[in-house]
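Shown next: coords.cif, given as mmCIF, C-alpha atoms.
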data_upload
loop_
_atom_site.label_atom_id
_atom_site.label_comp_id
_atom_site.auth_asym_id
_atom_site.auth_seq_id
_atom_site.Cartn_x
_atom_site.Cartn_y
_atom_site.Cartn_z
CA MET A 34 19.60 -0.79 -34.31
CA THR A 35 19.30 -4.50 -33.63
CA ILE A 36 16.17 -6.60 -33.94
CA PRO A 37 15.29 -6.54 -30.17
CA ASP A 38 15.61 -2.76 -30.19
CA PHE A 39 13.28 -2.60 -33.14
CA ILE A 40 10.71 -4.85 -31.44
CA THR A 41 10.98 -2.77 -28.25
CA ALA A 42 10.43 0.47 -30.13
CA PHE A 43 7.44 -1.01 -31.94
CA CYS A 44 5.89 -2.34 -28.72
CA LEU A 45 6.47 0.87 -26.77
CA ILE A 46 5.05 3.12 -29.50
CA LEU A 47 2.00 0.93 -30.00
CA GLY A 48 1.52 0.68 -26.21
CA ALA A 49 1.79 4.43 -25.78
CA LEU A 50 -0.72 4.96 -28.61
CA LEU A 51 -3.16 2.56 -26.94
CA GLY A 52 -2.68 4.36 -23.64
CA LEU A 53 -3.43 7.64 -25.36
CA THR A 54 -6.57 6.29 -27.01
CA GLY A 55 -7.63 4.91 -23.63
CA GLY A 56 -7.23 8.33 -22.05
CA VAL A 57 -9.14 10.06 -24.86
CA GLY A 58 -11.80 7.37 -24.65
CA VAL A 59 -12.36 7.82 -20.93
CA TYR A 60 -12.75 11.52 -21.55
CA ARG A 61 -14.97 11.38 -24.64
CA LEU A 62 -17.19 8.32 -24.44
CA PRO A 63 -20.78 8.78 -23.28
CA ASP A 64 -21.43 6.47 -20.32
CA PHE A 65 -19.85 4.29 -17.66
CA PHE A 66 -19.61 1.05 -19.64
CA THR A 67 -18.06 2.56 -22.76
CA ARG A 68 -15.56 4.42 -20.59
CA LEU A 69 -14.79 1.20 -18.78
CA HIS A 70 -14.13 -0.38 -22.15
CA ALA A 71 -11.68 2.42 -22.97
CA CYS A 72 -9.72 2.09 -19.75
CA SER A 73 -9.73 -1.71 -19.87
CA VAL A 74 -7.92 -1.43 -23.21
CA THR A 75 -5.32 0.73 -21.48
CA ASP A 76 -5.09 -1.68 -18.57
CA SER A 77 -4.53 -4.84 -20.51
CA ALA A 78 -3.21 -4.18 -24.01
CA CYS A 79 -1.15 -1.09 -23.22
CA ALA A 80 0.48 -2.60 -20.14
CA PHE A 81 1.06 -5.85 -22.01
CA LEU A 82 2.79 -4.11 -24.91
CA ILE A 83 4.93 -1.84 -22.75
CA LEU A 84 6.05 -4.63 -20.43
CA SER A 85 6.87 -7.00 -23.27
CA GLY A 86 8.71 -4.18 -25.00
CA LEU A 87 10.81 -3.71 -21.86
CA MET A 88 11.41 -7.45 -21.60
CA PHE A 89 13.22 -7.38 -24.95
CA GLN A 90 15.64 -4.81 -23.53
CA THR A 91 16.67 -6.63 -20.36
CA GLY A 92 18.07 -9.72 -22.09
CA PHE A 93 17.61 -12.91 -20.11
CA SER A 94 18.10 -11.84 -16.49
CA LEU A 95 16.26 -11.57 -13.18
CA ALA A 96 14.63 -8.35 -14.38
CA THR A 97 13.02 -10.25 -17.28
CA ILE A 98 11.53 -12.78 -14.88
CA LYS A 99 10.21 -10.00 -12.65
CA LEU A 100 8.69 -8.19 -15.63
CA PHE A 101 7.14 -11.47 -16.75
CA PHE A 102 5.56 -11.99 -13.33
CA ILE A 103 4.19 -8.44 -13.33
CA LEU A 104 2.81 -9.12 -16.81
CA VAL A 105 1.05 -12.30 -15.73
CA PHE A 106 -0.30 -10.56 -12.62
CA LEU A 107 -1.67 -7.67 -14.69
CA LEU A 108 -3.12 -10.01 -17.32
CA ILE A 109 -5.10 -11.75 -14.59
CA THR A 110 -6.08 -8.82 -12.39
CA SER A 111 -6.99 -6.02 -14.79
CA PRO A 112 -9.68 -7.90 -16.75
CA THR A 113 -10.99 -9.14 -13.40
CA SER A 114 -11.25 -5.65 -12.00
CA THR A 115 -12.95 -4.43 -15.17
CA HIS A 116 -15.39 -7.31 -14.92
CA ALA A 117 -16.09 -6.59 -11.25
CA LEU A 118 -16.67 -2.89 -11.95
CA ALA A 119 -19.03 -3.60 -14.85
CA LYS A 120 -20.97 -6.15 -12.86
CA ALA A 121 -21.22 -3.91 -9.82
CA ALA A 122 -22.46 -1.05 -12.02
CA LEU A 123 -25.04 -3.28 -13.69
CA ASN A 124 -26.22 -4.60 -10.31
CA SER A 125 -26.63 -1.10 -8.93
CA GLY A 126 -28.90 -0.11 -11.81
CA GLU A 127 -26.63 1.50 -14.36
CA ILE A 128 -28.20 1.07 -17.84
CA PRO A 129 -25.85 0.70 -20.78
CA TRP A 130 -26.04 3.56 -23.27
CA CYS A 131 -27.41 2.72 -26.70
CA GLN A 132 -28.59 4.53 -29.80
CA SER A 133 -32.25 3.80 -29.19
CA GLN A 134 -32.13 5.46 -25.79
CA LYS A 135 -32.92 8.87 -27.26
CA GLU A 136 -36.23 7.64 -28.63
CA ARG A 137 -37.30 6.11 -25.35
CA MET B 41 14.24 14.39 -17.66
CA GLU B 42 13.99 13.82 -13.91
CA LEU B 43 12.91 17.43 -13.51
CA PHE B 44 10.15 16.84 -16.05
CA ILE B 45 8.93 13.77 -14.14
CA ASP B 46 9.07 15.68 -10.85
CA ILE B 47 7.08 18.59 -12.26
CA THR B 48 4.44 16.26 -13.71
CA LEU B 49 4.08 14.27 -10.49
CA LEU B 50 3.95 17.36 -8.28
CA THR B 51 1.34 18.95 -10.55
CA PHE B 52 -0.81 15.84 -10.31
CA LEU B 53 -0.26 15.84 -6.54
CA CYS B 54 -1.51 19.44 -6.27
CA ILE B 55 -4.54 18.73 -8.49
CA THR B 56 -5.42 15.65 -6.40
CA ALA B 57 -5.08 17.56 -3.13
CA MET B 58 -7.33 20.37 -4.42
CA ALA B 59 -9.87 17.84 -5.65
CA ILE B 60 -9.94 16.13 -2.24
CA THR B 61 -10.71 19.41 -0.50
CA VAL B 62 -13.40 20.41 -3.01
CA ILE B 63 -15.21 17.12 -3.49
CA ARG B 64 -18.12 16.27 -1.19
CA LYS B 65 -18.62 12.64 -2.15
CA LEU B 66 -16.62 10.71 0.41
CA PHE B 67 -16.20 7.69 -1.86
CA CYS B 68 -14.46 9.84 -4.47
CA ALA B 69 -12.39 11.48 -1.74
CA VAL B 70 -11.15 8.08 -0.55
CA MET B 71 -10.20 7.10 -4.09
CA LEU B 72 -8.42 10.42 -4.61
CA ALA B 73 -6.53 9.94 -1.35
CA SER B 74 -5.38 6.59 -2.68
CA ILE B 75 -4.17 8.25 -5.89
CA PHE B 76 -2.43 10.90 -3.78
CA SER B 77 -0.50 8.17 -1.94
CA LEU B 78 0.41 6.46 -5.19
CA LEU B 79 1.78 9.73 -6.57
CA CYS B 80 3.76 10.23 -3.35
CA ALA B 81 5.18 6.73 -3.79
CA CYS B 82 6.23 7.60 -7.35
CA LEU B 83 7.93 10.75 -6.05
CA PHE B 84 9.81 8.69 -3.45
CA VAL B 85 10.97 6.37 -6.23
CA THR B 86 12.36 9.31 -8.19
CA MET B 87 14.25 10.29 -5.02
CA ASP B 88 15.64 6.71 -4.86
CA ALA B 89 13.91 6.03 -1.54
CA VAL B 90 12.56 2.63 -2.59
CA ASP B 91 11.77 1.36 0.91
CA VAL B 92 9.71 4.43 1.72
CA ALA B 93 7.96 4.23 -1.64
CA PHE B 94 7.15 0.59 -1.00
CA THR B 95 5.68 1.40 2.39
CA GLU B 96 3.69 4.31 0.99
CA ALA B 97 2.28 2.18 -1.83
CA ALA B 98 1.39 -0.70 0.50
CA VAL B 99 0.04 1.34 3.40
CA GLY B 100 -1.16 4.60 1.87
CA SER B 101 -2.73 3.50 -1.36
CA GLY B 102 -3.36 -0.10 -0.39
CA ILE B 103 -4.65 -0.92 3.02
CA SER B 104 -5.68 2.52 4.27
CA THR B 105 -7.98 2.84 1.25
CA VAL B 106 -9.58 -0.47 2.16
CA LEU B 107 -9.90 0.59 5.80
CA MET B 108 -11.46 3.90 4.80
CA LEU B 109 -13.91 2.16 2.47
CA ALA B 110 -14.82 -0.17 5.33
CA ALA B 111 -15.28 2.87 7.55
CA LEU B 112 -17.55 4.45 4.91
CA ASN B 113 -19.88 1.53 5.62
CA LEU B 114 -20.55 3.11 9.01
CA THR B 115 -21.26 6.62 7.85
CA HIS B 116 -22.91 8.61 5.06
CA SER B 117 -21.42 8.74 1.62
CA ARG B 118 -21.53 12.54 1.40
CA GLU B 119 -19.67 15.06 3.48
CA LYS B 120 -22.05 17.43 5.25
CA ARG B 121 -21.69 21.10 4.48
CA PRO B 122 -20.52 23.03 7.51
CA PRO B 123 -23.27 25.28 8.93
CA HIS B 124 -21.12 28.41 8.58
CA GLN B 125 -18.27 29.50 6.35
CA PRO B 126 -15.14 28.54 8.29
CA LEU B 127 -13.21 31.72 7.45
CA VAL B 128 -11.19 31.64 10.65
CA ALA B 129 -10.05 28.13 9.88
CA LEU B 130 -9.04 29.20 6.37
CA LEU B 131 -7.06 32.10 7.85
CA VAL B 132 -5.25 29.83 10.32
CA VAL B 133 -4.44 27.28 7.64
CA GLY B 134 -3.31 29.97 5.21
CA VAL B 135 -1.03 31.67 7.73
CA THR B 136 0.45 28.32 8.82
CA GLY B 137 1.09 27.44 5.18
CA ILE B 138 2.85 30.73 4.53
CA VAL B 139 4.99 30.32 7.67
CA LEU B 140 5.93 26.80 6.62
CA MET B 141 6.84 27.97 3.13
CA TYR B 142 8.94 30.75 4.67
CA GLY B 143 10.61 28.07 6.79
CA THR B 144 11.59 26.05 3.72
CA MET B 145 13.67 28.96 2.44
CA ASP B 146 16.32 28.24 5.08
CA LEU B 147 16.48 24.56 4.18
CA PRO B 148 19.35 23.38 1.99
CA VAL B 149 18.55 22.54 -1.62
CA PHE B 150 17.43 18.96 -2.23
CA GLY B 151 20.48 16.80 -2.89
CA ASP B 152 22.91 19.45 -1.64
CA ALA B 153 26.07 17.61 -0.57
CA ALA B 154 26.90 20.28 2.02
CA ALA B 155 23.57 19.90 3.85
CA PRO B 156 23.97 19.15 7.57
CA ILE B 157 21.99 15.93 7.32
CA HIS B 158 24.68 14.40 5.10
CA HIS B 159 27.41 15.10 7.64
CA HIS B 160 25.96 13.98 10.94
CA VAL B 161 25.42 10.21 11.14
CA ALA B 162 24.64 9.42 7.50
CA PRO B 163 28.29 8.80 6.46
CA ARG B 164 28.68 6.32 9.30
CA TYR B 165 25.49 4.49 8.31
CA ILE B 166 26.64 4.27 4.71
CA GLU B 167 30.28 3.37 5.30
CA GLN B 168 30.20 1.34 8.51
CA SER B 169 26.88 -0.52 8.39
CA PRO B 170 28.21 -3.47 6.31
CA LEU B 171 30.93 -3.94 8.96
CA GLU B 172 28.87 -3.16 12.06
CA VAL B 173 25.45 -4.58 11.18
CA GLY B 174 25.74 -6.56 7.99
CA PRO B 175 22.65 -6.43 5.74
CA PRO B 176 23.37 -5.17 2.21
CA ASN B 177 20.24 -3.00 2.38
CA PHE B 178 21.38 -0.46 4.95
CA VAL B 179 17.88 1.00 5.24
CA THR B 180 17.08 -2.18 7.15
CA SER B 181 20.18 -1.77 9.32
CA ILE B 182 19.19 1.81 10.16
CA LEU B 183 15.57 0.94 10.80
CA ALA B 184 16.05 -2.17 12.89
CA SER B 185 19.45 -1.71 14.47
CA TYR B 186 20.76 1.86 14.66
CA ARG B 187 17.29 3.27 15.14
CA GLY B 188 15.84 0.28 16.94
CA TYR B 189 14.29 2.43 19.68
CA ASP B 190 12.32 4.49 17.15
CA THR B 191 11.03 1.38 15.42
CA LEU B 192 10.02 -0.12 18.76
CA ALA B 193 8.06 3.04 19.49
CA GLU B 194 6.46 2.94 16.02
CA THR B 195 5.38 -0.63 16.59
CA ILE B 196 3.89 0.33 19.93
CA VAL B 197 2.11 3.28 18.27
CA ILE B 198 0.50 0.91 15.75
CA PHE B 199 -0.39 -1.49 18.56
CA THR B 200 -1.97 1.29 20.61
CA ALA B 201 -3.87 2.64 17.61
CA GLY B 202 -5.29 -0.80 16.94
CA LEU B 203 -6.26 -1.25 20.58
CA SER B 204 -8.00 2.14 20.60
CA VAL B 205 -10.01 1.33 17.47
CA ILE B 206 -11.11 -1.99 18.98
CA ALA B 207 -11.92 -0.35 22.30
CA LEU B 208 -14.00 2.32 20.56
CA LEU B 209 -15.83 0.20 18.00
CA GLY B 210 -15.64 -3.31 19.39
CA ILE B 211 -15.81 -6.50 17.36
CA ARG B 212 -19.15 -8.22 17.58
CA ASP B 213 -19.36 -11.92 17.17
CA ARG B 214 -23.02 -11.71 16.26
CA TYR B 215 -22.76 -13.96 13.20
CA ALA B 216 -20.66 -16.64 14.86
CA GLY B 217 -21.84 -20.01 13.59
CA ARG B 218 -24.82 -18.59 11.69
CA PRO B 219 -25.10 -17.52 8.05
CA ILE B 220 -24.97 -13.77 7.61
CA PRO B 221 -28.47 -12.40 6.88
CA SER B 222 -27.82 -10.18 3.86
CA ASP B 223 -24.40 -11.39 2.95
CA ARG B 224 -23.18 -8.74 0.56
CA SER B 225 -19.56 -9.51 1.24
CA ALA B 226 -19.69 -13.14 0.19
CA MET B 227 -20.32 -12.17 -3.46
CA LYS B 228 -22.29 -15.26 -4.33
CA ASP B 229 -22.73 -14.33 -7.98
CA TYR B 230 -19.22 -12.99 -8.52
CA VAL B 231 -17.76 -16.30 -9.63
CA VAL B 232 -14.92 -14.83 -11.66
CA LEU B 233 -13.85 -12.63 -8.79
CA ARG B 234 -13.86 -15.52 -6.34
CA ILE B 235 -11.85 -17.79 -8.60
CA VAL B 236 -9.26 -15.12 -9.36
CA ALA B 237 -9.00 -14.23 -5.69
CA LYS B 238 -8.49 -17.87 -4.76
CA MET B 239 -5.81 -18.11 -7.44
CA LEU B 240 -3.96 -15.01 -6.29
CA MET B 241 -4.18 -15.38 -2.52
CA PRO B 242 -1.33 -17.90 -2.13
CA PHE B 243 0.92 -15.65 -4.20
CA VAL B 244 0.02 -12.63 -2.09
CA PHE B 245 0.96 -14.55 1.05
CA LEU B 246 4.13 -15.85 -0.57
CA PHE B 247 5.09 -12.34 -1.62
CA ALA B 248 4.47 -11.09 1.92
CA LEU B 249 6.81 -13.75 3.29
CA TYR B 250 9.39 -12.84 0.65
CA VAL B 251 9.18 -9.17 1.64
CA GLN B 252 9.44 -10.11 5.31
CA PHE B 253 12.53 -12.28 5.03
CA HIS B 254 14.22 -10.59 2.09
CA GLY B 255 14.21 -7.18 3.75
CA ASP B 256 17.91 -7.53 4.57
CA TYR B 257 18.80 -7.71 0.88
CA GLY B 258 16.22 -5.60 -0.91
CA ALA B 259 13.41 -3.20 -0.25
CA GLY B 260 10.98 -4.45 2.36
CA GLY B 261 10.67 -5.44 5.97
CA GLY B 262 8.18 -6.11 8.70
CA PHE B 263 5.88 -3.14 8.09
CA GLN B 264 5.34 -3.82 4.39
CA ALA B 265 5.12 -7.57 4.86
CA GLY B 266 2.51 -7.24 7.60
CA VAL B 267 0.40 -4.96 5.44
CA ILE B 268 0.65 -7.23 2.38
CA PHE B 269 -0.24 -10.30 4.42
CA ALA B 270 -3.19 -8.41 5.89
CA SER B 271 -4.40 -7.40 2.43
CA GLY B 272 -4.35 -11.06 1.42
CA VAL B 273 -6.64 -11.83 4.35
CA ILE B 274 -8.87 -8.91 3.42
CA ILE B 275 -9.18 -10.29 -0.13
CA HIS B 276 -10.23 -13.56 1.51
CA SER B 277 -12.84 -11.78 3.59
CA LEU B 278 -14.19 -9.73 0.67
CA THR B 279 -14.60 -12.63 -1.70
CA LEU B 280 -15.38 -15.63 0.48
CA GLY B 281 -17.36 -13.96 3.21
CA ARG B 282 -16.63 -12.67 6.66
CA ASP B 283 -17.67 -15.85 8.38
CA ARG B 284 -14.96 -17.96 6.82
CA THR B 285 -12.30 -15.36 7.48
CA LEU B 286 -13.36 -15.11 11.09
CA LYS B 287 -13.06 -18.87 11.32
CA ALA B 288 -9.58 -18.87 9.79
CA PHE B 289 -8.34 -15.86 11.75
CA PRO B 290 -10.40 -15.51 14.95
CA HIS B 291 -10.06 -12.08 16.48
CA GLN B 292 -9.02 -13.43 19.87
CA PHE B 293 -6.10 -15.12 18.12
CA LEU B 294 -5.18 -11.91 16.30
CA ARG B 295 -5.24 -9.94 19.55
CA GLY B 296 -2.83 -12.43 21.01
CA LEU B 297 -0.66 -12.27 17.91
CA ALA B 298 -0.44 -8.46 18.05
CA THR B 299 0.74 -8.67 21.64
CA VAL B 300 3.20 -11.43 20.82
CA GLY B 301 4.71 -9.22 18.11
CA VAL B 302 5.39 -6.37 20.53
CA LEU B 303 6.65 -8.85 23.12
CA ILE B 304 9.09 -10.39 20.63
CA TYR B 305 10.48 -6.94 19.92
CA GLY B 306 10.78 -5.97 23.57
CA GLY B 307 12.00 -9.45 24.48
CA THR B 308 14.85 -9.16 21.99
CA GLY B 309 15.87 -5.97 23.78
CA LEU B 310 15.66 -7.67 27.18
CA ALA B 311 17.63 -10.66 25.90
CA SER B 312 20.43 -8.37 24.83
CA ILE B 313 20.45 -6.81 28.32
CA LEU B 314 20.57 -10.27 29.90
CA ARG B 315 23.52 -11.18 27.72
CA GLY B 316 25.42 -8.14 28.91
CA GLY B 317 24.76 -5.55 26.23
CA ASN B 318 22.57 -2.47 26.04
CA PHE B 319 18.82 -2.58 25.36
CA LEU B 320 18.35 -3.57 21.69
CA ASP B 321 22.08 -3.99 21.15
CA TYR B 322 21.95 -7.19 19.12
CA SER B 323 25.71 -7.70 18.84
CA VAL B 324 25.79 -9.80 22.00
CA LEU B 325 22.98 -12.15 20.95
CA ALA B 326 25.24 -14.59 19.09
CA ALA B 327 28.89 -15.60 18.92
CA THR B 328 30.01 -12.88 16.52
CA GLN B 329 28.79 -9.32 16.16
CA LEU B 330 27.43 -9.76 12.62
CA LYS B 331 25.61 -12.99 13.50
CA GLY B 332 24.09 -11.34 16.55
CA GLN B 333 22.94 -8.37 14.52
CA HIS B 334 21.46 -10.68 11.90
CA LEU B 335 19.52 -12.64 14.49
CA GLY B 336 18.37 -9.47 16.26
CA ILE B 337 17.14 -7.84 13.06
CA PHE B 338 15.36 -11.05 12.06
CA LEU B 339 13.52 -11.23 15.40
CA VAL B 340 12.66 -7.55 15.46
CA GLU B 341 11.32 -7.58 11.91
CA LEU B 342 9.28 -10.67 12.77
CA GLY B 343 7.78 -8.85 15.76
CA VAL B 344 6.95 -5.80 13.65
CA GLY B 345 5.42 -7.97 10.92
CA LEU B 346 3.20 -9.90 13.34
CA THR B 347 1.96 -6.76 15.08
CA VAL B 348 1.26 -4.83 11.89
CA PHE B 349 -0.49 -7.81 10.30
CA SER B 350 -2.81 -8.52 13.20
CA ILE B 351 -3.58 -4.89 13.97
CA MET B 352 -4.54 -4.22 10.33
CA ILE B 353 -6.89 -7.20 10.28
CA LEU B 354 -8.37 -6.25 13.65
CA MET B 355 -9.03 -2.70 12.44
CA TYR B 356 -10.67 -4.11 9.32
CA TYR B 357 -12.84 -6.38 11.46
CA ALA B 358 -13.75 -3.52 13.74
CA PHE B 359 -14.88 -1.35 10.82
CA SER B 360 -16.67 -3.97 8.77
CA TYR B 361 -18.39 -5.97 11.52
CA ARG B 362 -19.90 -2.95 13.08
CA ARG B 363 -22.62 -2.72 10.42
CA GLU B 364 -26.08 -3.44 11.76
CA PRO B 365 -27.87 -6.18 9.80
#

Let me see whether you can do it: turn the structure in this file into structure tokens.
Amino acid sequence: MTIPDFITAFCLILGALLGLTGGVGVYRLPDFFTRLHACSVTDSACAFLILSGLMFQTGFSLATIKLFFILVFLLITSPTSTHALAKAALNSGEIPWCQSQKER
Amino acid sequence: MELFIDITLLTFLCITAMAITVIRKLFCAVMLASIFSLLCACLFVTMDAVDVAFTEAAVGSGISTVLMLAALNLTHSREKRPPHQPLVALLVVGVTGIVLMYGTMDLPVFGDAAAPIHHHVAPRYIEQSPLEVGPPNFVTSILASYRGYDTLAETIVIFTAGLSVIALLGIRDRYAGRPIPSDRSAMKDYVVLRIVAKMLMPFVFLFALYVQFHGDYGAGGGFQAGVIFASGVIIHSLTLGRDRTLKAFPHQFLRGLATVGVLIYGGTGLASILRGGNFLDYSVLAATQLKGQHLGIFLVELGVGLTVFSIMILMYYAFSYRREP
């Protein structure tokens, strides 16, 4: 097992773990914003790790460039979409969940 | 491994379809339909049908979702319960489903080399298309050259559909030159969204052009390129406001463009008649057969791209401008 293989394995396993936590988070967390937080982690960190893990496997070729472009595209768009969703929810009257809400 | 992927995707597909039928919130149904298309696209990829998957992803989960969301603007967000239990309808659907399933039993197994479809014209397409037509991606050769008539009809179908939507809904120029009263589409306070959209739009257009002109060599072609270009314009309209989009792409211009697209396609056919060939036989368009085919496919794909692009935008206009202020 060479060093790139090792890096790929590390990235893929970590990315898959983050994806899993994202899925569990969307299922378990209490309200819209916390769920959004969970799936934004999946969107950005998980995709980032998996794509960079794959980039170590392709060597330096056209596929690497394509993966890099997809990576840049995702790094720009997924935080933006999370931001837009959160803002739209806040504007339409969704109140973030907090501990003190039970007492109110 | 491929079996495992297929089973997972098909299970998700079934769950999504069931959810669409059960759910009453139309917004959720639209989103689920988009997921359904995306899963279909994944299935097409596992079958190595990249061009079809590309089209499905661009049309099914991309622009038709946007068009349906725009159409939701005109209606209620919940599906009304039917006044009676439609048992007869369930019976008809059930029986049809069973008959269709019974019909699939006679079909050859997927990937069966002895299936009739692999012995009719497919071998010729695969073996002869580099010599007869030229493009390395023989899906493009089949679509634009061997099956040019079908694609012409498809283009005309899209054109007619767009015309019908405009004829039914109409595009009102009520905001021409004036600020929109309650401009929800301009997203004044969504600064991040506007900046990111401005940053990405040129790349979306560039990618559409790449798909349009690279269709001979890789996956892509006029249909996908038109849809991607249209989605770039829709991003423009969603983030910067309808007024500015209408200024950049006036609907009279788009109507003309849609017609020009169909005319380019038909005109290529007529040109090949005038040069002594059959209708849509591009071989006679240039000095050699391959050059003629290349030119013909280029023109035809351009026509398809123009028509699809302008019809998609016009449909979007028709749905989103209809809203009463």

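Taking only C-alpha atoms into account, chain A lies nearest to B:Val231 out of the set B:Leu249, B:Ala98, B:Val231, B:Val133.
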
Closest pair table for chain B residues within 12 Å of chain A, all atoms listed in the file, as a tab-separated table:
residue	atom	partner	partner_atom	distance
B:Arg224	CA	A:Ala121	CA	11.6
B:Met227	CA	A:Ala121	CA	10.5
B:Asp229	CA	A:Lys120	CA	9.7
B:Tyr230	CA	A:Ala117	CA	7.6
B:Val231	CA	A:Ala117	CA	10.0
B:Val232	CA	A:Thr113	CA	7.1
B:Leu233	CA	A:Thr113	CA	6.5
B:Arg234	CA	A:Thr113	CA	9.9
B:Ile235	CA	A:Thr113	CA	9.9
B:Val236	CA	A:Thr113	CA	7.4
B:Ala237	CA	A:Thr110	CA	9.1
B:Met239	CA	A:Ile109	CA	9.6
B:Leu240	CA	A:Phe106	CA	8.6
B:Met241	CA	A:Phe106	CA	11.8
B:Phe243	CA	A:Phe106	CA	9.9
B:Val244	CA	A:Phe106	CA	10.7
B:Phe247	CA	A:Phe102	CA	11.7
B:Thr279	CA	A:Ala117	CA	11.4

Taking the file above as input, evaluate the PyMOL selection byres ((chain B and resi 69) around 12) and report the hits as a count of residues only.
-> 27

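What separates CA of Gly134 (chain B) from CA of Asp146 (chain B) is a distance of 19.7 Å.
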
Å distance separating CA of Gly58 (chain A) from CA of Leu118 (chain A), one decimal place =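 Atom-to-atom, CA of Gly58 (chain A) and CA of Leu118 (chain A) are spaced 17.0 Å apart.
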
Given the file above and the PyMOL selection byres ((chain A and resi 73) around 9), which residues are selected, and can you give them as JSON, numbers by chain?
-> {"A": [55, 68, 69, 70, 71, 72, 74, 75, 76, 77, 78, 111, 112, 114, 115]}

Do you have the CA of Leu114 (chain B)-CA of Pro126 (chain B) distance handy?
-> 26.0 Å

Could you state which residues are captured by the PyMOL selection byres ((chain A and resi 42-50) around 10) in this file, as JSON, numbers by chain?
-> {"A": [36, 37, 38, 39, 40, 41, 51, 52, 53, 54, 55, 56, 75, 77, 78, 79, 80, 81, 82, 83, 84, 85, 86, 87, 89, 90]}

What's the 8 Å shell around Val348 (chain B), counting only C-alpha atoms, without same-chain residues fewer than 3 positions away, as number ranges by chain?
-> B: 195, 198-199, 262-263, 266-267, 298, 344-345, 351-352

Is there a way to get, as a PDB file with C-alpha atoms, keeping the file's coordinate frame, all residues within 10 Å of the point (3.6, -3.3, 2.0) in file coordinates, counting all atoms listed in the file?
ATOM      1  CA  ASP B  91      11.770   1.360   0.910  1.00  0.00           C
ATOM      2  CA  VAL B  92       9.710   4.430   1.720  1.00  0.00           C
ATOM      3  CA  ALA B  93       7.960   4.230  -1.640  1.00  0.00           C
ATOM      4  CA  PHE B  94       7.150   0.590  -1.000  1.00  0.00           C
ATOM      5  CA  THR B  95       5.680   1.400   2.390  1.00  0.00           C
ATOM      6  CA  GLU B  96       3.690   4.310   0.990  1.00  0.00           C
ATOM      7  CA  ALA B  97       2.280   2.180  -1.830  1.00  0.00           C
ATOM      8  CA  ALA B  98       1.390  -0.700   0.500  1.00  0.00           C
ATOM      9  CA  VAL B  99       0.040   1.340   3.400  1.00  0.00           C
ATOM     10  CA  GLY B 100      -1.160   4.600   1.870  1.00  0.00           C
ATOM     11  CA  SER B 101      -2.730   3.500  -1.360  1.00  0.00           C
ATOM     12  CA  GLY B 102      -3.360  -0.100  -0.390  1.00  0.00           C
ATOM     13  CA  ILE B 103      -4.650  -0.920   3.020  1.00  0.00           C
ATOM     14  CA  PHE B 247       5.090 -12.340  -1.620  1.00  0.00           C
ATOM     15  CA  ALA B 248       4.470 -11.090   1.920  1.00  0.00           C
ATOM     16  CA  VAL B 251       9.180  -9.170   1.640  1.00  0.00           C
ATOM     17  CA  GLN B 252       9.440 -10.110   5.310  1.00  0.00           C
ATOM     18  CA  GLY B 260      10.980  -4.450   2.360  1.00  0.00           C
ATOM     19  CA  GLY B 261      10.670  -5.440   5.970  1.00  0.00           C
ATOM     20  CA  GLY B 262       8.180  -6.110   8.700  1.00  0.00           C
ATOM     21  CA  PHE B 263       5.880  -3.140   8.090  1.00  0.00           C
ATOM     22  CA  GLN B 264       5.340  -3.820   4.390  1.00  0.00           C
ATOM     23  CA  ALA B 265       5.120  -7.570   4.860  1.00  0.00           C
ATOM     24  CA  GLY B 266       2.510  -7.240   7.600  1.00  0.00           C
ATOM     25  CA  VAL B 267       0.400  -4.960   5.440  1.00  0.00           C
ATOM     26  CA  ILE B 268       0.650  -7.230   2.380  1.00  0.00           C
ATOM     27  CA  PHE B 269      -0.240 -10.300   4.420  1.00  0.00           C
ATOM     28  CA  ALA B 270      -3.190  -8.410   5.890  1.00  0.00           C
ATOM     29  CA  SER B 271      -4.400  -7.400   2.430  1.00  0.00           C
TER      30      SER B 271
END

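With all atoms listed in the file as the atoms that count, the residue of B:Ala81, B:Val205, B:Val128, B:Ala153 with the shortest distance to Tyr356 (chain B) is B:Val205.
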
Test item: residues at most 8 Å from region 304-309 of chain B, all atoms listed in the file, excluding those fewer than 3 positions along its chain, as an mmCIF file with C-alpha atoms, in the frame of the given file:
data_model
loop_
_atom_site.group_PDB
_atom_site.id
_atom_site.type_symbol
_atom_site.label_atom_id
_atom_site.label_comp_id
_atom_site.auth_asym_id
_atom_site.auth_seq_id
_atom_site.Cartn_x
_atom_site.Cartn_y
_atom_site.Cartn_z
ATOM 1 C CA LEU B 192 10.020 -0.120 18.760
ATOM 2 C CA VAL B 300 3.200 -11.430 20.820
ATOM 3 C CA GLY B 301 4.710 -9.220 18.110
ATOM 4 C CA SER B 312 20.430 -8.370 24.830
ATOM 5 C CA ILE B 313 20.450 -6.810 28.320
ATOM 6 C CA ASN B 318 22.570 -2.470 26.040
ATOM 7 C CA PHE B 319 18.820 -2.580 25.360
ATOM 8 C CA LEU B 320 18.350 -3.570 21.690
ATOM 9 C CA ASP B 321 22.080 -3.990 21.150
ATOM 10 C CA TYR B 322 21.950 -7.190 19.120
ATOM 11 C CA GLY B 336 18.370 -9.470 16.260
ATOM 12 C CA LEU B 339 13.520 -11.230 15.400
ATOM 13 C CA VAL B 340 12.660 -7.550 15.460
ATOM 14 C CA LEU B 342 9.280 -10.670 12.770
ATOM 15 C CA GLY B 343 7.780 -8.850 15.760
ATOM 16 C CA VAL B 344 6.950 -5.800 13.650
#

Can you list, as a PyMOL selection string, every protein, DNA or RNA residue that comes within 12 Å of Asp64 (chain A) when you count only C-alpha atoms, leaving out same-chain residues fewer than 6 positions away?
-> chain A and resi 58+70-71+119+122+127-131
